[in-house]
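**Student:** Sharing data_36.cif, mmCIF, C-alpha atoms:
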```cif
data_work
loop_
_atom_site.group_PDB
_atom_site.id
_atom_site.type_symbol
_atom_site.label_atom_id
_atom_site.label_comp_id
_atom_site.auth_asym_id
_atom_site.auth_seq_id
_atom_site.Cartn_x
_atom_site.Cartn_y
_atom_site.Cartn_z
ATOM 1 C CA MET A 1 -3.846 -2.512 25.213
ATOM 2 C CA SER A 2 -0.141 -3.243 25.008
ATOM 3 C CA GLU A 3 1.312 -3.570 21.524
ATOM 4 C CA HIS A 4 2.834 -7.008 21.060
ATOM 5 C CA VAL A 5 5.647 -7.398 18.617
ATOM 6 C CA VAL A 6 5.275 -10.753 16.875
ATOM 7 C CA PRO A 7 7.934 -11.760 14.350
ATOM 8 C CA ASP A 8 5.784 -12.461 11.304
ATOM 9 C CA GLY A 9 7.418 -10.376 8.632
ATOM 10 C CA GLY A 10 6.520 -6.930 9.886
ATOM 11 C CA ALA A 11 2.986 -7.177 8.567
ATOM 12 C CA ALA A 12 0.756 -4.351 9.622
ATOM 13 C CA HIS A 13 -1.604 -5.203 12.452
ATOM 14 C CA GLY A 14 -4.505 -3.436 14.006
ATOM 15 C CA SER A 15 -5.387 -3.147 17.629
ATOM 16 C CA ARG A 16 -8.761 -3.926 19.152
ATOM 17 C CA LYS A 17 -9.395 -0.191 19.333
ATOM 18 C CA SER A 18 -8.734 0.335 15.607
ATOM 19 C CA TYR A 19 -10.990 -2.588 14.614
ATOM 20 C CA VAL A 20 -13.834 -1.316 16.802
ATOM 21 C CA THR A 21 -13.366 2.254 15.532
ATOM 22 C CA GLY A 22 -13.517 1.012 11.940
ATOM 23 C CA PHE A 23 -16.578 -1.092 12.702
ATOM 24 C CA VAL A 24 -18.501 1.776 14.336
ATOM 25 C CA LEU A 25 -17.632 4.149 11.490
ATOM 26 C CA SER A 26 -18.730 1.512 8.950
ATOM 27 C CA VAL A 27 -22.048 0.943 10.719
ATOM 28 C CA VAL A 28 -22.774 4.689 10.641
ATOM 29 C CA LEU A 29 -21.655 4.996 7.022
ATOM 30 C CA THR A 30 -23.864 2.029 6.061
ATOM 31 C CA ALA A 31 -26.910 3.112 8.054
ATOM 32 C CA ILE A 32 -27.048 6.612 6.515
ATOM 33 C CA PRO A 33 -27.374 5.449 2.859
ATOM 34 C CA PHE A 34 -30.065 2.868 3.703
ATOM 35 C CA TRP A 35 -31.946 5.519 5.730
ATOM 36 C CA LEU A 36 -31.659 8.023 2.857
ATOM 37 C CA VAL A 37 -33.143 5.575 0.350
ATOM 38 C CA LEU A 38 -35.702 3.738 2.495
ATOM 39 C CA GLY A 39 -36.925 6.966 4.157
ATOM 40 C CA LYS A 40 -36.925 8.889 0.846
ATOM 41 C CA VAL A 41 -35.215 11.744 2.693
ATOM 42 C CA LEU A 42 -33.967 13.804 -0.230
ATOM 43 C CA GLU A 43 -36.289 15.122 -2.927
ATOM 44 C CA ARG A 44 -34.050 14.753 -5.966
ATOM 45 C CA PRO A 45 -32.780 11.261 -6.850
ATOM 46 C CA GLY A 46 -29.658 12.810 -8.363
ATOM 47 C CA ALA A 47 -28.735 14.387 -5.023
ATOM 48 C CA THR A 48 -29.362 11.089 -3.195
ATOM 49 C CA GLY A 49 -27.155 9.247 -5.706
ATOM 50 C CA ALA A 50 -24.324 11.731 -5.270
ATOM 51 C CA VAL A 51 -24.497 11.490 -1.463
ATOM 52 C CA LEU A 52 -24.568 7.654 -1.687
ATOM 53 C CA LEU A 53 -21.444 7.569 -3.851
ATOM 54 C CA GLY A 54 -19.653 9.996 -1.532
ATOM 55 C CA LEU A 55 -20.494 7.928 1.567
ATOM 56 C CA ALA A 56 -19.387 4.722 -0.194
ATOM 57 C CA ALA A 57 -16.040 6.309 -1.066
ATOM 58 C CA VAL A 58 -15.535 7.373 2.554
ATOM 59 C CA GLN A 59 -16.459 3.897 3.813
ATOM 60 C CA ILE A 60 -14.008 2.247 1.400
ATOM 61 C CA VAL A 61 -11.239 4.447 2.812
ATOM 62 C CA VAL A 62 -12.331 3.534 6.368
ATOM 63 C CA HIS A 63 -12.115 -0.195 5.522
ATOM 64 C CA MET A 64 -8.727 0.262 3.855
ATOM 65 C CA VAL A 65 -7.278 2.048 6.886
ATOM 66 C CA TYR A 66 -8.873 0.225 9.830
ATOM 67 C CA PHE A 67 -9.386 -3.326 8.450
ATOM 68 C CA LEU A 68 -6.740 -3.713 5.744
ATOM 69 C CA HIS A 69 -4.220 -1.541 7.686
ATOM 70 C CA MET A 70 -3.161 0.409 4.621
ATOM 71 C CA ASN A 71 -0.461 2.967 5.197
ATOM 72 C CA ALA A 72 2.378 4.499 3.224
ATOM 73 C CA LYS A 73 5.005 2.392 4.999
ATOM 74 C CA SER A 74 3.727 -1.204 4.643
ATOM 75 C CA GLU A 75 5.974 -3.321 2.359
ATOM 76 C CA GLY A 76 8.143 -0.277 1.748
ATOM 77 C CA GLY A 77 5.300 1.662 0.131
ATOM 78 C CA TRP A 78 4.670 -0.907 -2.614
ATOM 79 C CA THR A 79 1.150 -1.781 -1.493
ATOM 80 C CA LEU A 80 0.174 1.886 -1.632
ATOM 81 C CA LEU A 81 1.770 2.272 -5.071
ATOM 82 C CA ALA A 82 -0.107 -0.781 -6.377
ATOM 83 C CA LEU A 83 -3.328 0.590 -4.897
ATOM 84 C CA ILE A 84 -2.882 3.995 -6.543
ATOM 85 C CA PHE A 85 -2.161 2.344 -9.890
ATOM 86 C CA THR A 86 -5.276 0.189 -9.543
ATOM 87 C CA VAL A 87 -7.439 3.164 -8.610
ATOM 88 C CA VAL A 88 -6.229 5.024 -11.725
ATOM 89 C CA LEU A 89 -7.095 2.004 -13.911
ATOM 90 C CA VAL A 90 -10.500 1.606 -12.261
ATOM 91 C CA VAL A 91 -11.347 5.279 -12.797
ATOM 92 C CA ILE A 92 -10.296 5.077 -16.472
ATOM 93 C CA ALA A 93 -12.280 1.858 -17.039
ATOM 94 C CA LEU A 94 -15.437 3.132 -15.325
ATOM 95 C CA SER A 95 -15.543 6.678 -16.665
ATOM 96 C CA GLY A 96 -14.396 5.582 -20.136
ATOM 97 C CA SER A 97 -17.065 2.868 -20.399
ATOM 98 C CA LEU A 98 -19.806 5.219 -19.261
ATOM 99 C CA TRP A 99 -18.677 8.023 -21.568
ATOM 100 C CA VAL A 100 -18.280 5.868 -24.685
ATOM 101 C CA MET A 101 -21.439 3.816 -24.168
ATOM 102 C CA TYR A 102 -23.535 6.900 -23.372
ATOM 103 C CA HIS A 103 -22.571 8.521 -26.674
ATOM 104 C CA LEU A 104 -23.010 5.239 -28.519
ATOM 105 C CA ASN A 105 -26.563 4.968 -27.179
ATOM 106 C CA GLU A 106 -27.285 8.603 -28.063
ATOM 107 C CA ASN A 107 -26.043 8.214 -31.632
ATOM 108 C CA MET A 108 -27.803 4.909 -32.256
ATOM 109 C CA MET A 109 -31.237 6.287 -31.380
ATOM 110 C CA PRO A 110 -33.715 5.590 -34.190
ATOM 111 C CA SER A 111 -34.639 9.286 -34.259
ATOM 112 C CA SER A 112 -31.138 10.263 -35.316
ATOM 113 C CA MET A 113 -31.058 7.810 -38.213
ATOM 114 C CA PRO A 114 -32.498 10.146 -40.922
ATOM 115 C CA ASP A 115 -29.806 12.705 -40.097
ATOM 116 C CA MET A 116 -27.209 10.014 -40.504
ATOM 117 C CA ARG A 117 -28.513 9.203 -43.983
ATOM 118 C CA GLN A 118 -27.916 12.763 -45.167
ATOM 119 C CA MET A 119 -24.365 12.758 -43.993
ATOM 120 C CA PRO A 120 -21.751 12.467 -46.722
ATOM 121 C CA MET B 1 43.629 -18.016 -11.045
ATOM 122 C CA SER B 2 41.806 -17.853 -7.756
ATOM 123 C CA GLU B 3 41.545 -14.056 -7.773
ATOM 124 C CA ALA B 4 39.283 -14.304 -10.865
ATOM 125 C CA SER B 5 36.349 -15.508 -8.815
ATOM 126 C CA PRO B 6 33.296 -13.394 -9.699
ATOM 127 C CA ARG B 7 31.997 -10.789 -7.299
ATOM 128 C CA PHE B 8 28.266 -10.321 -6.954
ATOM 129 C CA TYR B 9 27.044 -6.929 -5.936
ATOM 130 C CA LEU B 10 23.383 -7.809 -5.594
ATOM 131 C CA THR B 11 23.653 -10.472 -2.902
ATOM 132 C CA GLU B 12 22.906 -7.938 -0.181
ATOM 133 C CA GLU B 13 19.868 -6.443 -1.896
ATOM 134 C CA HIS B 14 17.072 -5.833 0.526
ATOM 135 C CA HIS B 15 13.934 -7.890 0.058
ATOM 136 C CA PRO B 16 10.751 -7.342 1.988
ATOM 137 C CA GLU B 17 10.635 -9.810 4.855
ATOM 138 C CA ASN B 18 7.419 -11.417 3.683
ATOM 139 C CA GLY B 19 6.950 -11.330 -0.067
ATOM 140 C CA THR B 20 3.791 -13.440 0.116
ATOM 141 C CA LEU B 21 1.703 -10.632 1.541
ATOM 142 C CA LEU B 22 2.810 -8.170 -1.142
ATOM 143 C CA GLY B 23 2.126 -10.772 -3.833
ATOM 144 C CA PHE B 24 -1.298 -11.467 -2.387
ATOM 145 C CA TRP B 25 -2.020 -7.749 -2.302
ATOM 146 C CA LEU B 26 -1.136 -7.575 -6.025
ATOM 147 C CA TYR B 27 -3.576 -10.455 -6.656
ATOM 148 C CA LEU B 28 -6.276 -8.505 -4.807
ATOM 149 C CA MET B 29 -5.576 -5.437 -6.935
ATOM 150 C CA SER B 30 -5.980 -7.497 -10.123
ATOM 151 C CA ASP B 31 -9.196 -8.950 -8.695
ATOM 152 C CA CYS B 32 -10.229 -5.336 -8.154
ATOM 153 C CA LEU B 33 -9.894 -4.817 -11.921
ATOM 154 C CA VAL B 34 -12.192 -7.794 -12.579
ATOM 155 C CA PHE B 35 -14.827 -6.181 -10.384
ATOM 156 C CA ALA B 36 -14.214 -2.773 -12.017
ATOM 157 C CA CYS B 37 -15.103 -4.309 -15.399
ATOM 158 C CA LEU B 38 -18.255 -5.873 -13.961
ATOM 159 C CA PHE B 39 -19.237 -2.581 -12.307
ATOM 160 C CA ALA B 40 -18.665 -0.773 -15.611
ATOM 161 C CA MET B 41 -20.903 -3.333 -17.342
ATOM 162 C CA TYR B 42 -23.632 -2.799 -14.753
ATOM 163 C CA ALA B 43 -23.225 0.990 -15.040
ATOM 164 C CA VAL B 44 -23.820 0.757 -18.792
ATOM 165 C CA LEU B 45 -26.600 -1.857 -18.806
ATOM 166 C CA GLY B 46 -28.185 -1.381 -15.379
ATOM 167 C CA ARG B 47 -31.150 0.554 -16.762
ATOM 168 C CA SER B 48 -31.802 -1.600 -19.848
ATOM 169 C CA TYR B 49 -34.895 -3.363 -18.576
ATOM 170 C CA ALA B 50 -36.176 -4.614 -21.969
ATOM 171 C CA GLY B 51 -39.716 -4.019 -20.725
ATOM 172 C CA GLY B 52 -39.067 -6.340 -17.773
ATOM 173 C CA PRO B 53 -39.025 -5.680 -14.040
ATOM 174 C CA THR B 54 -36.912 -2.817 -12.685
ATOM 175 C CA GLY B 55 -34.623 -2.741 -9.689
ATOM 176 C CA ALA B 56 -37.192 -0.751 -7.724
ATOM 177 C CA GLU B 57 -39.731 -3.565 -8.240
ATOM 178 C CA LEU B 58 -37.333 -6.437 -7.510
ATOM 179 C CA PHE B 59 -34.918 -5.425 -4.751
ATOM 180 C CA ASP B 60 -35.813 -6.214 -1.153
ATOM 181 C CA LEU B 61 -33.755 -3.538 0.617
ATOM 182 C CA PRO B 62 -34.311 -4.704 4.240
ATOM 183 C CA LEU B 63 -32.915 -8.105 3.209
ATOM 184 C CA VAL B 64 -29.928 -6.381 1.593
ATOM 185 C CA ALA B 65 -29.408 -4.447 4.836
ATOM 186 C CA VAL B 66 -29.340 -7.731 6.783
ATOM 187 C CA ASN B 67 -26.815 -9.138 4.316
ATOM 188 C CA THR B 68 -24.655 -6.026 4.610
ATOM 189 C CA ALA B 69 -24.738 -6.311 8.390
ATOM 190 C CA LEU B 70 -23.733 -9.996 8.238
ATOM 191 C CA LEU B 71 -20.724 -9.266 6.039
ATOM 192 C CA LEU B 72 -19.649 -6.293 8.166
ATOM 193 C CA LEU B 73 -19.941 -8.391 11.348
ATOM 194 C CA SER B 74 -17.900 -11.160 9.733
ATOM 195 C CA SER B 75 -15.202 -8.586 8.941
ATOM 196 C CA ILE B 76 -14.814 -7.496 12.544
ATOM 197 C CA THR B 77 -14.968 -11.054 13.906
ATOM 198 C CA TYR B 78 -12.144 -11.965 11.505
ATOM 199 C CA GLY B 79 -10.271 -8.968 12.915
ATOM 200 C CA PHE B 80 -10.780 -10.375 16.430
ATOM 201 C CA ALA B 81 -9.422 -13.736 15.231
ATOM 202 C CA MET B 82 -6.286 -11.946 14.025
ATOM 203 C CA LEU B 83 -5.955 -10.177 17.395
ATOM 204 C CA GLU B 84 -6.201 -13.543 19.177
ATOM 205 C CA MET B 85 -3.519 -14.911 16.870
ATOM 206 C CA GLN B 86 -1.276 -11.923 17.669
ATOM 207 C CA ALA B 87 -1.859 -12.276 21.397
ATOM 208 C CA ALA B 88 -1.059 -16.001 21.284
ATOM 209 C CA GLY B 89 2.576 -15.240 20.430
ATOM 210 C CA ALA B 90 4.967 -17.200 18.258
ATOM 211 C CA GLY B 91 4.822 -20.979 18.558
ATOM 212 C CA SER B 92 2.149 -20.849 21.242
ATOM 213 C CA ALA B 93 -0.400 -23.593 21.693
ATOM 214 C CA ARG B 94 -3.176 -21.089 22.491
ATOM 215 C CA LEU B 95 -5.558 -21.814 19.668
ATOM 216 C CA GLY B 96 -9.024 -21.580 21.155
ATOM 217 C CA GLY B 97 -9.690 -17.857 20.699
ATOM 218 C CA THR B 98 -8.505 -17.779 17.094
ATOM 219 C CA LEU B 99 -10.507 -20.879 16.171
ATOM 220 C CA ALA B 100 -13.662 -19.620 17.879
ATOM 221 C CA TRP B 101 -13.612 -16.239 16.113
ATOM 222 C CA LEU B 102 -12.878 -17.929 12.783
ATOM 223 C CA VAL B 103 -15.884 -20.220 13.249
ATOM 224 C CA VAL B 104 -18.084 -17.197 14.038
ATOM 225 C CA THR B 105 -16.740 -15.477 10.899
ATOM 226 C CA GLY B 106 -17.547 -18.568 8.846
ATOM 227 C CA LEU B 107 -21.106 -18.692 10.213
ATOM 228 C CA PHE B 108 -21.703 -15.026 9.299
ATOM 229 C CA GLY B 109 -20.267 -15.703 5.834
ATOM 230 C CA ALA B 110 -22.471 -18.758 5.403
ATOM 231 C CA GLY B 111 -25.490 -16.702 6.453
ATOM 232 C CA PHE B 112 -24.611 -14.115 3.824
ATOM 233 C CA ILE B 113 -24.366 -16.758 1.084
ATOM 234 C CA GLY B 114 -27.602 -18.394 2.281
ATOM 235 C CA ILE B 115 -29.557 -15.126 2.030
ATOM 236 C CA GLU B 116 -28.029 -14.332 -1.352
ATOM 237 C CA LEU B 117 -28.953 -17.762 -2.746
ATOM 238 C CA HIS B 118 -32.471 -17.296 -1.358
ATOM 239 C CA GLU B 119 -32.685 -13.921 -3.127
ATOM 240 C CA PHE B 120 -31.438 -15.380 -6.423
ATOM 241 C CA ALA B 121 -33.852 -18.307 -6.224
ATOM 242 C CA HIS B 122 -36.718 -15.916 -5.502
ATOM 243 C CA LEU B 123 -35.823 -13.716 -8.506
ATOM 244 C CA ILE B 124 -35.514 -16.676 -10.885
ATOM 245 C CA HIS B 125 -38.785 -18.121 -9.577
ATOM 246 C CA GLU B 126 -40.493 -14.783 -10.381
ATOM 247 C CA GLY B 127 -39.234 -14.987 -13.961
ATOM 248 C CA ALA B 128 -36.564 -12.360 -13.323
ATOM 249 C CA GLY B 129 -33.647 -14.631 -14.134
ATOM 250 C CA PRO B 130 -30.413 -13.574 -15.822
ATOM 251 C CA GLN B 131 -31.855 -14.162 -19.299
ATOM 252 C CA ARG B 132 -34.751 -11.714 -18.808
ATOM 253 C CA SER B 133 -32.957 -8.436 -19.602
ATOM 254 C CA ALA B 134 -29.508 -6.860 -19.898
ATOM 255 C CA PHE B 135 -30.091 -5.302 -16.462
ATOM 256 C CA LEU B 136 -30.652 -8.720 -14.878
ATOM 257 C CA SER B 137 -27.761 -10.338 -16.782
ATOM 258 C CA SER B 138 -25.328 -7.729 -15.481
ATOM 259 C CA PHE B 139 -26.895 -7.877 -11.998
ATOM 260 C CA PHE B 140 -26.489 -11.663 -11.705
ATOM 261 C CA THR B 141 -22.951 -11.533 -13.124
ATOM 262 C CA LEU B 142 -21.731 -8.820 -10.753
ATOM 263 C CA VAL B 143 -23.465 -9.976 -7.566
ATOM 264 C CA GLY B 144 -22.891 -13.641 -8.449
ATOM 265 C CA THR B 145 -19.156 -13.105 -8.943
ATOM 266 C CA HIS B 146 -18.959 -11.481 -5.520
ATOM 267 C CA GLY B 147 -20.950 -14.350 -4.001
ATOM 268 C CA LEU B 148 -18.636 -16.868 -5.659
ATOM 269 C CA HIS B 149 -15.659 -15.089 -4.105
ATOM 270 C CA VAL B 150 -17.273 -15.296 -0.664
ATOM 271 C CA THR B 151 -18.004 -18.981 -1.242
ATOM 272 C CA PHE B 152 -14.361 -19.692 -2.056
ATOM 273 C CA GLY B 153 -13.381 -17.618 0.975
ATOM 274 C CA LEU B 154 -15.525 -19.984 3.070
ATOM 275 C CA VAL B 155 -13.850 -23.052 1.521
ATOM 276 C CA TRP B 156 -10.488 -21.483 2.345
ATOM 277 C CA LEU B 157 -11.642 -20.699 5.881
ATOM 278 C CA VAL B 158 -12.699 -24.308 6.537
ATOM 279 C CA THR B 159 -9.382 -25.534 5.098
ATOM 280 C CA LEU B 160 -7.493 -23.259 7.468
ATOM 281 C CA LEU B 161 -9.608 -24.429 10.426
ATOM 282 C CA VAL B 162 -8.453 -27.989 9.672
ATOM 283 C CA GLN B 163 -4.844 -26.856 9.204
ATOM 284 C CA LEU B 164 -4.919 -24.900 12.464
ATOM 285 C CA SER B 165 -6.369 -27.732 14.522
ATOM 286 C CA ARG B 166 -3.737 -30.101 13.090
ATOM 287 C CA HIS B 167 -0.596 -27.956 13.194
ATOM 288 C CA GLY B 168 -1.438 -24.999 15.424
ATOM 289 C CA LEU B 169 -0.229 -21.434 14.957
ATOM 290 C CA ILE B 170 2.936 -22.258 13.016
ATOM 291 C CA PRO B 171 4.427 -19.448 10.866
ATOM 292 C CA GLU B 172 2.926 -20.970 7.696
ATOM 293 C CA ASN B 173 -0.564 -20.928 9.159
ATOM 294 C CA ARG B 174 -0.091 -17.370 10.397
ATOM 295 C CA ARG B 175 0.837 -16.314 6.883
ATOM 296 C CA ARG B 176 -2.205 -18.089 5.431
ATOM 297 C CA LEU B 177 -4.481 -16.467 7.991
ATOM 298 C CA LEU B 178 -3.071 -13.036 7.104
ATOM 299 C CA CYS B 179 -3.744 -13.663 3.396
ATOM 300 C CA LEU B 180 -7.296 -14.810 4.054
ATOM 301 C CA SER B 181 -7.884 -11.770 6.273
ATOM 302 C CA MET B 182 -6.902 -9.492 3.379
ATOM 303 C CA PHE B 183 -9.152 -11.472 1.023
ATOM 304 C CA TRP B 184 -12.076 -11.330 3.435
ATOM 305 C CA HIS B 185 -11.804 -7.583 4.126
ATOM 306 C CA PHE B 186 -11.364 -6.965 0.397
ATOM 307 C CA LEU B 187 -14.673 -8.737 -0.307
ATOM 308 C CA ASP B 188 -16.352 -6.484 2.235
ATOM 309 C CA VAL B 189 -14.912 -3.460 0.401
ATOM 310 C CA VAL B 190 -16.349 -4.754 -2.888
ATOM 311 C CA TRP B 191 -19.714 -5.278 -1.179
ATOM 312 C CA ILE B 192 -19.772 -1.557 -0.239
ATOM 313 C CA GLY B 193 -19.757 -0.863 -3.974
ATOM 314 C CA VAL B 194 -22.426 -3.496 -4.618
ATOM 315 C CA PHE B 195 -24.959 -2.376 -2.040
ATOM 316 C CA THR B 196 -24.447 1.301 -2.883
ATOM 317 C CA PHE B 197 -24.285 1.149 -6.652
ATOM 318 C CA VAL B 198 -26.453 -1.870 -7.486
ATOM 319 C CA TYR B 199 -29.113 -2.002 -4.789
ATOM 320 C CA LEU B 200 -29.531 1.490 -3.325
ATOM 321 C CA MET B 201 -28.927 3.464 -6.525
ATOM 322 C CA GLY B 202 -30.823 0.800 -8.490
ATOM 323 C CA VAL B 203 -34.097 1.616 -6.734
ATOM 324 C CA LEU B 204 -33.760 5.391 -7.257
ATOM 325 C CA PRO B 205 -36.066 6.646 -10.023
#
```
Can you turn what I pasted into C-alpha cells?
**Tutor:**
Amino acid sequence: MSEHVVPDGGAAHGSRKSYVTGFVLSVVLTAIPFWLVLGKVLERPGATGAVLLGLAAVQIVVHMVYFLHMNAKSEGGWTLLALIFTVVLVVIALSGSLWVMYHLNENMMPSSMPDMRQMP
Amino acid sequence: MSEASPRFYLTEEHHPENGTLLGFWLYLMSDCLVFACLFAMYAVLGRSYAGGPTGAELFDLPLVAVNTALLLLSSITYGFAMLEMQAAGAGSARLGGTLAWLVVTGLFGAGFIGIELHEFAHLIHEGAGPQRSAFLSSFFTLVGTHGLHVTFGLVWLVTLLVQLSRHGLIPENRRRLLCLSMFWHFLDVVWIGVFTFVYLMGVLP
C-alpha cells in the first residue's frame, strides 16, 4: 500500500490495513458481549454488565482511532479537545442523572413516608 | 496623509485548511450530547416496567446481532469508498469504485432500518408500544432517534450519489463525502452504546 497524498485539506485518512484492522477488532469486541449474554457465561449479572461496559468502551476507542481517524494532530488538536470536552459533559450528565434519580426514587418510596411526617 | 493607512496584524493568522470538517466534528459532538441525554433517560427509566413486559421478554437478541453486523459492515464499506476516492486522485474521472462501495453501504444501511422498523412494528403489535411503560417510552425514544439519524444518513447518501454521478469527484463532493463518512461512523459508535446498554444489559436480570 503506497500512501497517496491528495490535496483535500490535510484531512486524516486511513489505509486499507487500518480499516480492516479496525473491522476485525470490532467484530471480536462485538462477538464477545453477545456470546457472554446469549451463552449465560458468567454467573453474576453484575459482573457481566461490568464486562459489557468495559468492552463497549474499548470498541468505541477502536472506532474512533481506526474509522474516524482520531489523533492528537488532526485540525491542530481541536478535534481532540472538543472530544475531551464532550466526554467530560457526557460523564457528568450520565453519572449525575443516575445519582440524583436513584436518591429521588429511594426517598420517594412509600415506606419512607411516615418518617418524613415526623421530620420538623 | 498616505502613511496613516491602517496596518492589520491578523491578516496572516493561520486557519485550518478545511474548516468544514472541524465544524462538522463540533456538530457531531453536540449530537453526542443529545444521545447522552437519551442514554441518561434510559438509564433512569429502563427498569420501570409498570407491570408490563420487560426487556428480557421483548428483545430478540439474534436479530439485534444481525442489525449490529449490518451497521458494522456498512461502516467498513464506507471506509472502502473513501479509499477508492483517495486512490482516484484529484480531478479524476474514476468514479466507479467509490459509487459501488457507496451503494453497498446504502444497502446495508437500508437493511438495518428495515429490520429496526420490523422490530418496532412487532413490539407495537404485541401491545408493547411506547405508551405502555416508562421503559418502553425511553426505549423507543433512544433507539428511534438513532434510527432517524441513520435514515437521514441514507437520504444524504442518495443525494451524494446523484451529485457524484453528475459532477464527479470535485473538491466539493470530496468534502461532502468526508462529512458523511464522519456522520456514518459516528452513528456506528452510538450503536455500540445502544446494543450494549439497551439490548444486552436490558436482558440481564
**Student:** Show me, as a list in words, every residue of chain A with an atom at most 6 Å from chain B, counting only C-alpha atoms.
**Tutor:**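 Residues satisfying the distance criterion: Gly9, Pro45, Ile60, Val90 and Leu94 of chain A.
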**Student:** Export, as a PDB file, keeping the file's coordinate frame, the selected residues with C-alpha atoms.
**Tutor:**
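And here is the file that came out, out.pdb:
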```
ATOM      1  CA  GLY A   9       7.418 -10.376   8.632  1.00  0.00           C
ATOM      2  CA  PRO A  45     -32.780  11.261  -6.850  1.00  0.00           C
ATOM      3  CA  ILE A  60     -14.008   2.247   1.400  1.00  0.00           C
ATOM      4  CA  VAL A  90     -10.500   1.606 -12.261  1.00  0.00           C
ATOM      5  CA  LEU A  94     -15.437   3.132 -15.325  1.00  0.00           C
TER       6      LEU A  94
END
```
**Student:** Give me, please, the distance in Å between CA of Thr48 in chain A and CA of Leu36 in chain A, quoted to one decimal.
**Tutor:**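 Separation between CA of Thr48 in chain A and CA of Leu36 in chain A: 7.2 Å.
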**Student:** Using the chain letters and numbers from this file, what does the PyMOL selection byres ((chain B and resi 153) around 9) select? Give the answer as a list in words.
**Tutor:**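 Output of the PyMOL selection byres ((chain B and resi 153) around 9): Gly106, Gly109, Leu148, His149, Val150, Thr151, Phe152, Leu154, Val155, Trp156, Leu157, Val158, Leu180, Phe183 and Trp184 of chain B.
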**Student:** Would you write out those residues with C-alpha atoms, as a PDB file, keeping the file's coordinate frame?
**Tutor:**
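Output file selection38.pdb is given in full below:
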```
ATOM      1  CA  GLY B 106     -17.547 -18.568   8.846  1.00  0.00           C
ATOM      2  CA  GLY B 109     -20.267 -15.703   5.834  1.00  0.00           C
ATOM      3  CA  LEU B 148     -18.636 -16.868  -5.659  1.00  0.00           C
ATOM      4  CA  HIS B 149     -15.659 -15.089  -4.105  1.00  0.00           C
ATOM      5  CA  VAL B 150     -17.273 -15.296  -0.664  1.00  0.00           C
ATOM      6  CA  THR B 151     -18.004 -18.981  -1.242  1.00  0.00           C
ATOM      7  CA  PHE B 152     -14.361 -19.692  -2.056  1.00  0.00           C
ATOM      8  CA  LEU B 154     -15.525 -19.984   3.070  1.00  0.00           C
ATOM      9  CA  VAL B 155     -13.850 -23.052   1.521  1.00  0.00           C
ATOM     10  CA  TRP B 156     -10.488 -21.483   2.345  1.00  0.00           C
ATOM     11  CA  LEU B 157     -11.642 -20.699   5.881  1.00  0.00           C
ATOM     12  CA  VAL B 158     -12.699 -24.308   6.537  1.00  0.00           C
ATOM     13  CA  LEU B 180      -7.296 -14.810   4.054  1.00  0.00           C
ATOM     14  CA  PHE B 183      -9.152 -11.472   1.023  1.00  0.00           C
ATOM     15  CA  TRP B 184     -12.076 -11.330   3.435  1.00  0.00           C
TER      16      TRP B 184
END
```
**Student:** For a test of reading the model, state the distance in Å between CA of Val87 in chain A and CA of Ser26 in chain A, rounded to one decimal.
**Tutor:**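 Between CA of Val87 in chain A and CA of Ser26 in chain A the gap works out to 20.9 Å.
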**Student:** Where does the PyMOL selection byres ((chain A and resi 55) around 12) land in this file, that is, which residues does it pick, as a ChimeraX atom specification?
**Tutor:** /A:25-34,36,48-54,56-62 /B:192-193,195-197
**Student:** Can you list, as a list in words, every protein, DNA or RNA residue that comes within 9 Å of Glu119 in chain B when you count only C-alpha atoms, leaving out same-chain residues fewer than 6 positions away?
**Tutor:**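 Close residues of Glu119 in chain B: Phe59, Asp60 and Leu63 of chain B.
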**Student:** Given the file above and the PyMOL selection byres ((chain B and resi 126-129) around 10), which residues are selected, and can you give them as number ranges by chain?
**Tutor:** B: 52-54, 58, 120-125, 130-133, 136-137, 139-140
**Student:** How big is the axis-aligned box, and where does its centre sit, when it encloses all atoms of range 46-63 of chain A listed in the file and has 5 Å added on every side, reported in Å to one decimal as lines of an AutoDock Vina configuration file?
**Tutor:**
```
center_x = -20.4
center_y = 7.1
center_z = -1.0
size_x = 28.4
size_y = 24.6
size_z = 24.7
```
**Student:** Mind giving me the straight-line distance from CA of Leu89 in chain A to CA of Ser48 in chain B in Å, one decimal?
**Tutor:** 25.7 Å
